file my_file-v3.csv (CSV, C-alpha atoms)
chain,number,residue,atom,x,y,z
Y,1,MET,CA,6.3,9.8,-25.7
Y,2,THR,CA,8.6,7.2,-27.2
Y,3,ASP,CA,10.6,4.3,-25.8
Y,4,ALA,CA,13.0,4.0,-28.8
Y,5,ARG,CA,12.0,0.4,-29.3
Y,6,PRO,CA,10.6,-1.7,-32.1
Y,7,LEU,CA,6.8,-2.4,-32.1
Y,8,GLY,CA,6.3,-5.4,-29.8
Y,9,ALA,CA,3.7,-8.2,-30.0
Y,10,ASP,CA,1.5,-6.6,-27.3
Y,11,GLU,CA,1.6,-3.3,-29.1
Y,12,ALA,CA,0.8,-4.8,-32.5
Y,13,THR,CA,-2.0,-6.9,-31.1
Y,14,PHE,CA,-3.4,-3.9,-29.2
Y,15,ILE,CA,-3.4,-1.7,-32.4
Y,16,ALA,CA,-5.1,-4.5,-34.3
Y,17,ALA,CA,-7.7,-4.8,-31.6
Y,18,VAL,CA,-8.3,-1.0,-31.8
Y,19,HIS,CA,-8.6,-1.0,-35.6
Y,20,SER,CA,-11.0,-4.0,-35.5
Y,21,GLY,CA,-13.0,-2.7,-32.6
Y,22,ASP,CA,-12.4,-6.0,-30.8
Y,23,THR,CA,-13.4,-5.1,-27.2
Y,24,ALA,CA,-12.7,-8.6,-25.9
Y,25,ARG,CA,-9.1,-8.6,-27.3
Y,26,PHE,CA,-8.6,-5.1,-26.0
Y,27,ALA,CA,-9.7,-6.2,-22.5
Y,28,LEU,CA,-7.5,-9.3,-22.6
Y,29,ILE,CA,-4.4,-7.3,-23.5
Y,30,THR,CA,-4.9,-4.5,-20.9
Y,31,GLU,CA,-6.1,-6.8,-18.1
Y,32,ARG,CA,-2.7,-8.4,-17.8
Y,33,HIS,CA,-1.4,-5.1,-16.5
Y,34,ARG,CA,-4.2,-4.6,-13.9
Y,35,ARG,CA,-2.3,-5.7,-10.8
Y,36,GLU,CA,0.8,-3.6,-11.3
Y,37,LEU,CA,-1.3,-0.6,-12.3
Y,38,GLN,CA,-3.3,-1.0,-9.1
Y,39,VAL,CA,-0.1,-1.1,-7.1
Y,40,HIS,CA,0.9,2.1,-8.8
Y,41,CYS,CA,-2.4,3.8,-8.0
Y,42,TYR,CA,-2.1,2.5,-4.4
Y,43,ARG,CA,1.3,4.2,-4.0
Y,44,MET,CA,-0.3,7.4,-5.3
Y,45,LEU,CA,-3.4,7.2,-3.1
Y,46,ALA,CA,-2.5,4.9,-0.1
Y,47,ASN,CA,-6.0,3.5,-0.2
Y,48,TYR,CA,-6.8,0.1,-1.6
Y,49,GLU,CA,-10.4,0.8,-2.6
Y,50,ASP,CA,-9.5,4.1,-4.3
Y,51,ALA,CA,-6.7,2.3,-6.1
Y,52,GLN,CA,-9.2,-0.3,-7.4
Y,53,ASP,CA,-11.5,2.4,-8.6
Y,54,MET,CA,-8.8,4.4,-10.3
Y,55,THR,CA,-7.4,1.3,-12.0
Y,56,GLN,CA,-10.8,0.7,-13.5
Y,57,GLU,CA,-11.0,4.4,-14.6
Y,58,THR,CA,-7.6,3.9,-16.2
Y,59,PHE,CA,-9.0,1.1,-18.4
Y,60,LEU,CA,-12.0,3.2,-19.3
Y,61,ARG,CA,-9.8,6.1,-20.3
Y,62,ALA,CA,-7.5,3.8,-22.3
Y,63,TRP,CA,-10.6,2.6,-24.2
Y,64,ASN,CA,-11.7,6.1,-24.9
Y,65,LYS,CA,-8.2,7.1,-26.0
Y,66,ARG,CA,-7.4,3.9,-27.8
Y,67,GLU,CA,-7.1,5.6,-31.2
Y,68,SER,CA,-4.3,7.8,-29.9
Y,69,PHE,CA,-2.0,4.8,-29.3
Y,70,LYS,CA,0.4,4.5,-32.2
Y,71,GLY,CA,2.9,2.1,-30.7
Y,72,HIS,CA,5.7,4.7,-30.3
Y,73,ALA,CA,5.8,3.8,-26.6
Y,74,ALA,CA,5.3,0.4,-24.9
Y,75,LEU,CA,1.7,-0.4,-24.1
Y,76,ARG,CA,2.7,-0.7,-20.5
Y,77,THR,CA,4.2,2.8,-20.5
Y,78,TRP,CA,1.1,4.2,-22.1
Y,79,LEU,CA,-1.1,2.6,-19.5
Y,80,TYR,CA,1.1,3.9,-16.6
Y,81,ARG,CA,0.9,7.4,-18.1
Y,82,ILE,CA,-2.9,7.2,-18.1
Y,83,ALA,CA,-3.1,5.7,-14.6
Y,84,THR,CA,-0.8,8.5,-13.2
Y,85,ASN,CA,-2.9,11.2,-14.6
Y,86,VAL,CA,-6.1,9.5,-13.5
Y,87,CYS,CA,-4.7,9.6,-9.9
Y,88,LEU,CA,-3.6,13.2,-10.3
Y,89,ASP,CA,-7.1,14.2,-11.4
Y,90,TYR,CA,-8.6,12.3,-8.4
Y,91,LEU,CA,-6.2,14.0,-6.0
Y,92,GLU,CA,-7.1,17.4,-7.4
Y,93,LYS,CA,-10.8,16.8,-6.7
Y,94,ARG,CA,-10.4,15.1,-3.3
Y,95,ASN,CA,-9.0,17.5,-0.7
Y,96,ASN,CA,-9.2,14.8,2.0
Y,97,ARG,CA,-6.4,12.9,0.4
Y,98,THR,CA,-3.6,14.8,2.1
Y,99,PRO,CA,-2.1,14.1,5.5
Y,100,VAL,CA,-3.9,15.9,8.4
Y,101,PRO,CA,-2.2,17.3,11.5
Y,102,SER,CA,-2.8,15.6,14.9
Y,103,GLU,CA,-1.8,16.2,18.4
Y,104,LEU,CA,0.5,13.2,18.5
Y,105,SER,CA,2.4,13.5,15.3
Y,106,ASP,CA,3.2,16.1,12.6
Y,107,SER,CA,0.7,14.5,10.2
Y,108,GLU,CA,-1.4,11.4,9.6
Y,109,VAL,CA,-2.8,9.5,6.7
Y,110,LEU,CA,-6.2,8.5,8.1
Y,111,TYR,CA,-7.3,7.1,4.7
Y,112,LEU,CA,-4.5,4.6,4.7
Y,113,GLN,CA,-5.5,1.0,4.0
Y,114,PRO,CA,-3.4,-2.2,3.9
Y,115,TYR,CA,-2.7,-3.9,0.6
Y,116,PRO,CA,-3.3,-7.6,0.5
Y,117,ASP,CA,-0.2,-9.5,-0.8
Y,118,ARG,CA,-2.4,-11.9,-2.8
Y,119,MET,CA,-3.3,-9.0,-5.1
Y,120,LEU,CA,0.3,-8.1,-6.0
Y,121,PRO,CA,1.5,-9.0,-9.5
Y,122,GLU,CA,2.5,-12.6,-9.9
Y,123,ASN,CA,5.4,-11.9,-12.3
Y,124,PRO,CA,6.2,-8.2,-11.9
Y,125,GLN,CA,9.2,-6.2,-12.7
Y,126,GLU,CA,11.3,-6.1,-9.5
Y,127,SER,CA,10.7,-2.4,-8.9
Y,128,VAL,CA,6.9,-2.8,-8.9
Y,129,VAL,CA,6.6,-4.8,-5.7
Y,130,ALA,CA,9.9,-4.2,-3.9
Y,131,ARG,CA,9.1,-4.6,-0.2
Y,132,GLU,CA,10.9,-1.4,0.6
Y,133,THR,CA,8.5,0.6,-1.6
Y,134,ILE,CA,5.2,-1.1,-0.6
Y,135,GLU,CA,5.7,-1.1,3.3
Y,136,LEU,CA,3.2,1.1,5.1
Y,137,ALA,CA,5.9,3.6,6.3
Y,138,PHE,CA,7.0,4.2,2.7
Y,139,ILE,CA,3.4,4.6,1.5
Y,140,VAL,CA,2.7,7.1,4.3
Y,141,ALA,CA,5.9,9.0,3.6
Y,142,VAL,CA,4.9,9.3,-0.1
Y,143,GLN,CA,1.6,10.9,0.9
Y,144,HIS,CA,3.5,13.9,2.3
Y,145,LEU,CA,4.6,14.9,-1.3
Y,146,PRO,CA,2.4,17.2,-3.3
Y,147,PRO,CA,0.6,15.2,-6.0
Y,148,ARG,CA,2.7,16.0,-9.0
Y,149,GLN,CA,5.9,15.7,-7.0
Y,150,ARG,CA,4.6,12.4,-5.8
Y,151,ALA,CA,4.1,11.2,-9.3
Y,152,VAL,CA,7.6,12.2,-10.4
Y,153,PHE,CA,9.1,10.5,-7.4
Y,154,ILE,CA,7.2,7.2,-8.0
Y,155,LEU,CA,8.0,7.2,-11.8
Y,156,ARG,CA,11.6,8.1,-11.3
Y,157,ASP,CA,12.8,6.4,-8.1
Y,158,VAL,CA,10.3,3.5,-7.7
Y,159,LEU,CA,9.7,2.5,-11.3
Y,160,GLY,CA,13.1,3.7,-12.5
Y,161,TRP,CA,11.9,5.7,-15.5
Y,162,PRO,CA,14.5,8.1,-17.0
Y,163,ALA,CA,13.7,11.8,-16.6
Y,164,SER,CA,12.7,12.3,-20.2
Y,165,LYS,CA,10.1,9.5,-20.0
Y,166,ALA,CA,8.6,10.9,-16.8
Y,167,ALA,CA,8.6,14.4,-18.2
Y,168,ASP,CA,6.6,13.1,-21.3
Y,169,ALA,CA,4.1,11.3,-19.1
Y,170,LEU,CA,3.4,14.3,-16.9
Y,171,GLU,CA,3.8,16.9,-19.7
Y,172,LEU,CA,6.6,18.6,-17.8
Y,173,THR,CA,10.1,19.7,-18.8
Y,174,VAL,CA,13.1,17.5,-17.9
Y,175,ALA,CA,14.4,20.3,-15.7
Y,176,SER,CA,11.0,20.4,-13.8
Y,177,VAL,CA,11.1,16.7,-13.3
Y,178,THR,CA,14.7,16.8,-12.0
Y,179,SER,CA,13.9,19.7,-9.6
Y,180,ALA,CA,10.7,17.9,-8.3
Y,181,LEU,CA,12.6,14.7,-7.7
Y,182,GLN,CA,15.3,16.5,-5.7
Y,183,ARG,CA,12.6,18.1,-3.5
Y,184,ALA,CA,10.8,14.8,-3.1
Y,185,ARG,CA,13.9,12.9,-2.0
Y,186,VAL,CA,14.5,15.5,0.7
Y,187,THR,CA,10.9,15.1,2.0
Y,188,MET,CA,11.1,11.3,1.9
Y,189,ARG,CA,14.3,11.3,4.0
Y,190,GLU,CA,12.6,13.6,6.5
Y,191,GLN,CA,9.5,11.4,6.8
Y,192,LEU,CA,11.1,7.9,6.8
Y,193,PRO,CA,12.7,6.4,9.9
Y,194,ASP,CA,16.5,6.5,9.7
Y,195,ARG,CA,16.7,2.7,9.2
Y,196,ARG,CA,14.6,2.9,6.1
Y,197,GLN,CA,16.0,5.9,4.2
Y,198,ASP,CA,17.4,4.0,1.3
Y,199,TRP,CA,14.4,2.9,-0.8
Y,200,ARG,CA,16.7,2.2,-3.7
Y,201,SER,CA,18.7,-0.5,-2.0
Y,202,PRO,CA,18.4,-4.2,-3.2
Y,203,ALA,CA,14.8,-5.2,-2.6
Y,204,THR,CA,13.6,-8.0,-0.3
Y,205,HIS,CA,10.4,-9.9,-0.5
Y,206,GLU,CA,10.3,-12.7,2.0
Y,207,LEU,CA,9.7,-12.5,5.8
Y,208,SER,CA,12.5,-13.5,8.0
Y,209,SER,CA,12.2,-16.3,10.6
Y,210,ASP,CA,12.5,-13.6,13.3
Y,211,GLU,CA,9.4,-11.8,11.9
Y,212,ARG,CA,7.4,-15.0,11.7
Y,213,ASP,CA,8.3,-16.0,15.3
Y,214,VAL,CA,7.3,-12.5,16.6
Y,215,VAL,CA,3.9,-12.6,14.9
Y,216,LYS,CA,3.3,-16.1,16.4
Y,217,SER,CA,4.3,-14.8,19.9
Y,218,TYR,CA,2.1,-11.7,19.5
Y,219,ILE,CA,-0.9,-13.9,18.7
Y,220,ASP,CA,-0.1,-16.4,21.5
Y,221,ALA,CA,0.1,-13.5,24.0
Y,222,HIS,CA,-3.4,-12.4,23.0
Y,223,GLU,CA,-4.8,-15.9,23.2
Y,224,ARG,CA,-3.4,-16.4,26.7
Y,225,ASN,CA,-4.1,-12.8,27.8
Y,226,ASP,CA,-0.4,-12.6,28.6
Y,227,LEU,CA,0.2,-8.9,29.1
Y,228,ASP,CA,3.8,-9.3,30.3
Y,229,GLY,CA,4.5,-11.4,27.3
Y,230,LEU,CA,2.9,-8.9,25.0
Y,231,THR,CA,4.9,-6.1,26.6
Y,232,SER,CA,8.1,-7.9,26.1
Y,233,LEU,CA,7.5,-8.0,22.3
Y,234,LEU,CA,7.3,-4.3,22.0
Y,235,ARG,CA,10.1,-1.8,21.7
Y,236,ASP,CA,10.2,1.1,24.1
Y,237,ASP,CA,10.0,3.5,21.2
Y,238,LEU,CA,7.0,1.8,19.7
Y,239,ARG,CA,5.1,3.8,17.0
Y,240,PHE,CA,1.4,2.9,17.2
Y,241,ALA,CA,-1.7,3.8,15.3
Y,242,MET,CA,-5.2,2.3,15.0
Y,243,LEU,CA,-6.8,3.6,11.8
Y,244,PRO,CA,-9.1,5.2,11.0
Y,245,ASP,CA,-8.9,6.7,14.5
Y,246,SER,CA,-6.6,9.7,14.8
Y,247,GLY,CA,-3.5,9.6,16.8
Y,248,THR,CA,-0.1,8.2,15.9
Y,249,GLY,CA,2.7,8.5,18.3
Y,250,THR,CA,5.7,6.9,20.0
Y,251,THR,CA,5.2,5.2,23.3
Y,252,THR,CA,6.9,2.8,25.7
Y,253,ALA,CA,5.9,-0.8,25.7
Y,254,LYS,CA,4.3,-0.6,29.1
Y,255,ASP,CA,2.4,2.5,28.3
Y,256,ALA,CA,1.1,1.0,25.1
Y,257,VAL,CA,-0.2,-2.1,26.8
Y,258,ASP,CA,-1.6,-0.1,29.7
Y,259,GLY,CA,-3.4,2.1,27.2
Y,260,TRP,CA,-5.0,-0.9,25.5
Y,261,VAL,CA,-6.1,-2.3,28.8
Y,262,SER,CA,-7.6,1.0,29.9
Y,263,GLY,CA,-9.4,1.2,26.6
Y,264,GLY,CA,-11.1,-2.2,27.4
Y,265,LEU,CA,-8.9,-4.7,25.7
Y,266,PHE,CA,-8.2,-7.9,27.7
Y,267,GLN,CA,-11.2,-7.0,30.0
Y,268,ARG,CA,-14.3,-9.1,30.2
Y,269,GLY,CA,-15.9,-9.3,26.7
Y,270,TYR,CA,-12.6,-8.5,25.1
Y,271,ASP,CA,-10.5,-11.3,26.5
Y,272,ASP,CA,-11.2,-14.3,24.4
Y,273,TRP,CA,-8.9,-14.1,21.3
Y,274,ARG,CA,-7.8,-16.2,18.4
Y,275,GLY,CA,-5.5,-15.2,15.7
Y,276,ILE,CA,-4.0,-16.1,12.3
Y,277,THR,CA,-0.8,-14.9,10.6
Y,278,THR,CA,-0.9,-13.2,7.2
Y,279,THR,CA,1.0,-10.6,5.2
Y,280,VAL,CA,0.0,-7.3,3.8
Y,281,ASN,CA,2.2,-4.7,2.1
Y,282,ARG,CA,4.9,-7.5,2.3
Y,283,MET,CA,4.8,-7.0,6.0
Y,284,PRO,CA,4.0,-9.5,8.8
Y,285,ALA,CA,0.5,-9.1,10.2
Y,286,ALA,CA,-1.6,-10.7,12.9
Y,287,VAL,CA,-5.4,-11.1,12.2
Y,288,LEU,CA,-7.3,-11.1,15.5
Y,289,TYR,CA,-10.6,-12.7,16.1
Y,290,LEU,CA,-12.7,-12.0,19.2
Y,291,ARG,CA,-15.4,-14.1,20.9
Y,292,THR,CA,-17.9,-12.3,23.1
Y,293,PRO,CA,-19.5,-14.2,26.0
Y,294,ASP,CA,-22.8,-15.0,24.3
Y,295,ASP,CA,-21.3,-15.9,20.9
Y,296,PRO,CA,-20.2,-19.4,20.0
Y,297,GLU,CA,-17.8,-18.1,17.2
Y,298,TYR,CA,-14.7,-16.0,17.1
Y,299,ARG,CA,-15.4,-13.1,14.8
Y,300,LEU,CA,-13.0,-11.0,12.7
Y,301,PHE,CA,-12.0,-8.0,14.7
Y,302,ALA,CA,-8.7,-6.3,13.6
Y,303,ILE,CA,-5.5,-6.7,11.7
Y,304,ALA,CA,-2.2,-5.6,13.2
Y,305,VAL,CA,0.5,-4.8,10.7
Y,306,LEU,CA,3.9,-5.1,12.3
Y,307,HIS,CA,7.3,-3.7,11.5
Y,308,ILE,CA,9.8,-5.9,13.4
Y,309,VAL,CA,13.4,-4.9,14.2
Y,310,ASP,CA,15.8,-7.2,15.9
Y,311,GLY,CA,13.0,-9.4,17.2
Y,312,LYS,CA,10.9,-6.6,18.6
Y,313,ILE,CA,7.8,-4.8,17.3
Y,314,ALA,CA,9.0,-1.3,16.4
Y,315,GLU,CA,5.8,-0.1,14.6
Y,316,LEU,CA,2.2,-1.4,15.0
Y,317,THR,CA,-0.5,-0.2,12.7
Y,318,GLY,CA,-3.9,-1.5,13.5
Y,319,PHE,CA,-6.9,-1.6,11.1
Y,320,ASP,CA,-10.5,-2.5,11.6
Y,321,ALA,CA,-10.7,-5.7,9.5
Y,322,THR,CA,-14.5,-5.9,9.2
Y,323,ASP,CA,-16.2,-4.8,6.0
Y,324,LYS,CA,-13.1,-5.3,3.9
Y,325,PRO,CA,-13.8,-8.3,1.7
Y,326,TRP,CA,-10.8,-7.5,-0.5
Y,327,LEU,CA,-8.6,-8.7,2.4
Y,328,ASP,CA,-10.0,-12.2,1.8
Y,329,LEU,CA,-10.0,-13.0,5.5
Y,330,PRO,CA,-12.4,-15.7,7.0
Y,331,PRO,CA,-15.1,-13.8,8.9
Y,332,THR,CA,-15.2,-16.3,11.7
Y,333,LEU,CA,-12.9,-19.0,13.3
call {"tool": "encode", "arguments": {"input": "my_file-v3.csv", "output": "structure tokens"}}
result
Amino acid sequence: MTDARPLGADEATFIAAVHSGDTARFALITERHRRELQVHCYRMLANYEDAQDMTQETFLRAWNKRESFKGHAALRTWLYRIATNVCLDYLEKRNNRTPVPSELSDSEVLYLQPYPDRMLPENPQESVVARETIELAFIVAVQHLPPRQRAVFILRDVLGWPASKAADALELTVASVTSALQRARVTMREQLPDRRQDWRSPATHELSSDERDVVKSYIDAHERNDLDGLTSLLRDDLRFAMLPDSGTGTTTAKDAVDGWVSGGLFQRGYDDWRGITTTVNRMPAAVLYLRTPDDPEYRLFAIAVLHIVDGKIAELTGFDATDKPWLDLPPTL
């Protein structure tokens, strides 16, 4: 696998570290790639904790295979190749890492976890953290691809690798990569909402003022137990899921709020809320804290990740926010 490039400083330093057995230098050089490799593993697996584990496995394999690196490819390329195959090996062993059918939708990704923005690379290549390819809808759509097809799609259409480079990484022919990419694009367009079908358009990073205002209003409605106000924020074709519970579907704004109330929210014991705004997957999110009658503190309850269109919440994906220290959220308010 070659990049047709002269030996760079990283590659020369890496080879010197390998020859000298300098584990500290090896770790220093590879560690600078950790965050972008973890994002890559997350796209493959849709689960933050699995992505952390597979990134660590990538570095272990890199150390074990260190003698095989000759500098013919960029170190970054070599590490991506290892990370991709680590994820493929994991997917082959774990049969619960494919979408499962439900009564409310064609398929679900119950193992989906949000990705904290603070863990994104600080100075990445644009393709690594483009908002269009880190949003939850995109991550979920990718999970509908068979694992090897998924790898081809991410390498080619997300990272922008040429077909020959992707073929080398996956030990496939260029013709096989081209065919897999064509099939993957068809599936992605079937899975993604119409308004988000072009994942190769110019990427955005920042939230709009509309998005920030809607999140603030969403939190305010909870804090005031304002059901009418909450209803007014939701589109009438709202897509809602609360993971890891099964069931993702489209509902009207009124039915959504009525369902939450009938499930106990905004009833006694679940009616004293506070919230803070954050971002995950480069999406606006509301972190909700609940205070029960006998508790002096508001305790971390859930995080609602919102996709906002024209000032309305079009998609709401809720996650239990407890026992997820990697979200770095305060446990109480």
call {"tool": "closest_residue", "arguments": {"input": "my_file-v3.csv", "among": "Y:Asp255, Y:Asp237, Y:Glu132, Y:Asp320", "to": "Tyr289 (chain Y)", "atoms": "all atoms listed in the file"}}
result
Y:Asp320
call {"tool": "residues_around", "arguments": {"input": "my_file-v3.csv", "residues": "Asp220 (chain Y)", "least_positions_apart": "4", "cutoff": "9 Å", "atoms": "all atoms listed in the file", "output": "PyMOL selection string"}}
result
chain Y and resi 215-216+224-226+229-230+274-275
call {"tool": "closest_residue", "arguments": {"input": "my_file-v3.csv", "among": "Y:Val128, Y:Val305, Y:Gln113, Y:Leu227", "to": "Gly160 (chain Y)", "atoms": "only C-alpha atoms"}}
result
Y:Val128
call {"tool": "residues_around", "arguments": {"input": "my_file-v3.csv", "residues": "Pro99 (chain Y)", "least_positions_apart": "5", "cutoff": "9 Å", "atoms": "only C-alpha atoms", "output": "ChimeraX atom specification"}}
result
/Y:107-111,140,143-144
call {"tool": "closest_residue", "arguments": {"input": "my_file-v3.csv", "among": "Y:Ala137, Y:Ile276, Y:Ile303, Y:Ala314", "to": "Leu333 (chain Y)", "atoms": "all atoms listed in the file"}}
result
Y:Ile276
call {"tool": "closest_atom_pairs", "arguments": {"input": "my_file-v3.csv", "of": "region 147-213 of chain Y", "to": "region 281-285 of chain Y", "cutoff": "9 Å", "atoms": "all atoms listed in the file", "output": "CSV"}}
result
residue,atom,partner,partner_atom,distance
Y:His205,CA,Y:Arg282,CA,6.6
Y:Glu206,CA,Y:Arg282,CA,7.5
Y:Leu207,CA,Y:Pro284,CA,7.1
Y:Glu211,CA,Y:Pro284,CA,6.6
Y:Arg212,CA,Y:Pro284,CA,7.1
call {"tool": "residues_around", "arguments": {"input": "my_file-v3.csv", "residues": "Gly311 (chain Y)", "least_positions_apart": "6", "cutoff": "8 Å", "atoms": "all atoms listed in the file", "output": "ChimeraX atom specification"}}
result
/Y:210-211,214,233
call {"tool": "closest_atom_pairs", "arguments": {"input": "my_file-v3.csv", "of": "region 91-190 of chain Y", "to": "region 51-68 of chain Y", "cutoff": "12 Å", "atoms": "all atoms listed in the file", "output": "tab-separated table"}}
result
residue	atom	partner	partner_atom	distance
Y:Leu91	CA	Y:Met54	CA	10.8
Y:Tyr111	CA	Y:Ala51	CA	11.8
Y:Leu112	CA	Y:Ala51	CA	11.3
Y:Gln113	CA	Y:Ala51	CA	10.3
Y:Pro114	CA	Y:Ala51	CA	11.5
Y:Tyr115	CA	Y:Ala51	CA	10.0
Y:Met119	CA	Y:Gln52	CA	10.8
call {"tool": "closest_residue", "arguments": {"input": "my_file-v3.csv", "among": "Y:Trp326, Y:Thr278, Y:Gly269, Y:Leu79", "to": "Asp294 (chain Y)", "atoms": "all atoms listed in the file"}}
result
Y:Gly269
call {"tool": "closest_residue", "arguments": {"input": "my_file-v3.csv", "among": "Y:Thr292, Y:Asn85, Y:Thr13, Y:Thr277", "to": "Asp213 (chain Y)", "atoms": "all atoms listed in the file"}}
result
Y:Thr277
call {"tool": "residues_near_point", "arguments": {"input": "my_file-v3.csv", "point": "(7.5, 5.5, 0.2)", "cutoff": "9 Å", "atoms": "only C-alpha atoms", "output": "list in words"}}
result
Arg43, Glu132, Thr133, Ile134, Glu135, Leu136, Ala137, Phe138, Ile139, Val140, Ala141, Val142, Gln143, Ile154, Val158, Met188, Leu192 and Trp199 of chain Y
call {"tool": "closest_residue", "arguments": {"input": "my_file-v3.csv", "among": "Y:Ile15, Y:Ala221, Y:Ala286, Y:Ile308", "to": "Ser208 (chain Y)", "atoms": "all atoms listed in the file"}}
result
Y:Ile308
call {"tool": "residues_around", "arguments": {"input": "my_file-v3.csv", "residues": "Gln182 (chain Y)", "least_positions_apart": "5", "cutoff": "9 Å", "atoms": "all atoms listed in the file", "output": "ChimeraX atom specification"}}
result
/Y:153,177,187
call {"tool": "residues_around", "arguments": {"input": "my_file-v3.csv", "residues": "Ala302 (chain Y)", "least_positions_apart": "6", "cutoff": "8 Å", "atoms": "all atoms listed in the file", "output": "compact mmCIF listing (two decimals) with C-alpha atoms, keeping the file's coordinate frame"}}
result
# COMPACT_ATOMS: atom_id res chain seq x y z
CA VAL Y 287 -5.40 -11.10 12.20
CA LEU Y 288 -7.30 -11.10 15.50
CA TYR Y 289 -10.60 -12.70 16.10
CA GLY Y 318 -3.90 -1.50 13.50
CA PHE Y 319 -6.90 -1.60 11.10
CA ASP Y 320 -10.50 -2.50 11.60
CA ALA Y 321 -10.70 -5.70 9.50
CA THR Y 322 -14.50 -5.90 9.20
call {"tool": "atom_distance", "arguments": {"input": "my_file-v3.csv", "atom1": "CA of Pro162 (chain Y)", "atom2": "CA of Arg97 (chain Y)"}}
result
27.6 Å
call {"tool": "residues_near_point", "arguments": {"input": "my_file-v3.csv", "point": "(-0.9, 5.1, -14.0)", "cutoff": "8 Å", "atoms": "only C-alpha atoms", "output": "list of chain:residue names"}}
result
Y:Leu37, Y:His40, Y:Cys41, Y:Thr55, Y:Thr58, Y:Leu79, Y:Tyr80, Y:Arg81, Y:Ile82, Y:Ala83, Y:Thr84, Y:Asn85, Y:Val86, Y:Cys87
call {"tool": "atom_distance", "arguments": {"input": "my_file-v3.csv", "atom1": "CA of Leu181 (chain Y)", "atom2": "CA of Arg131 (chain Y)"}}
result
21.0 Å
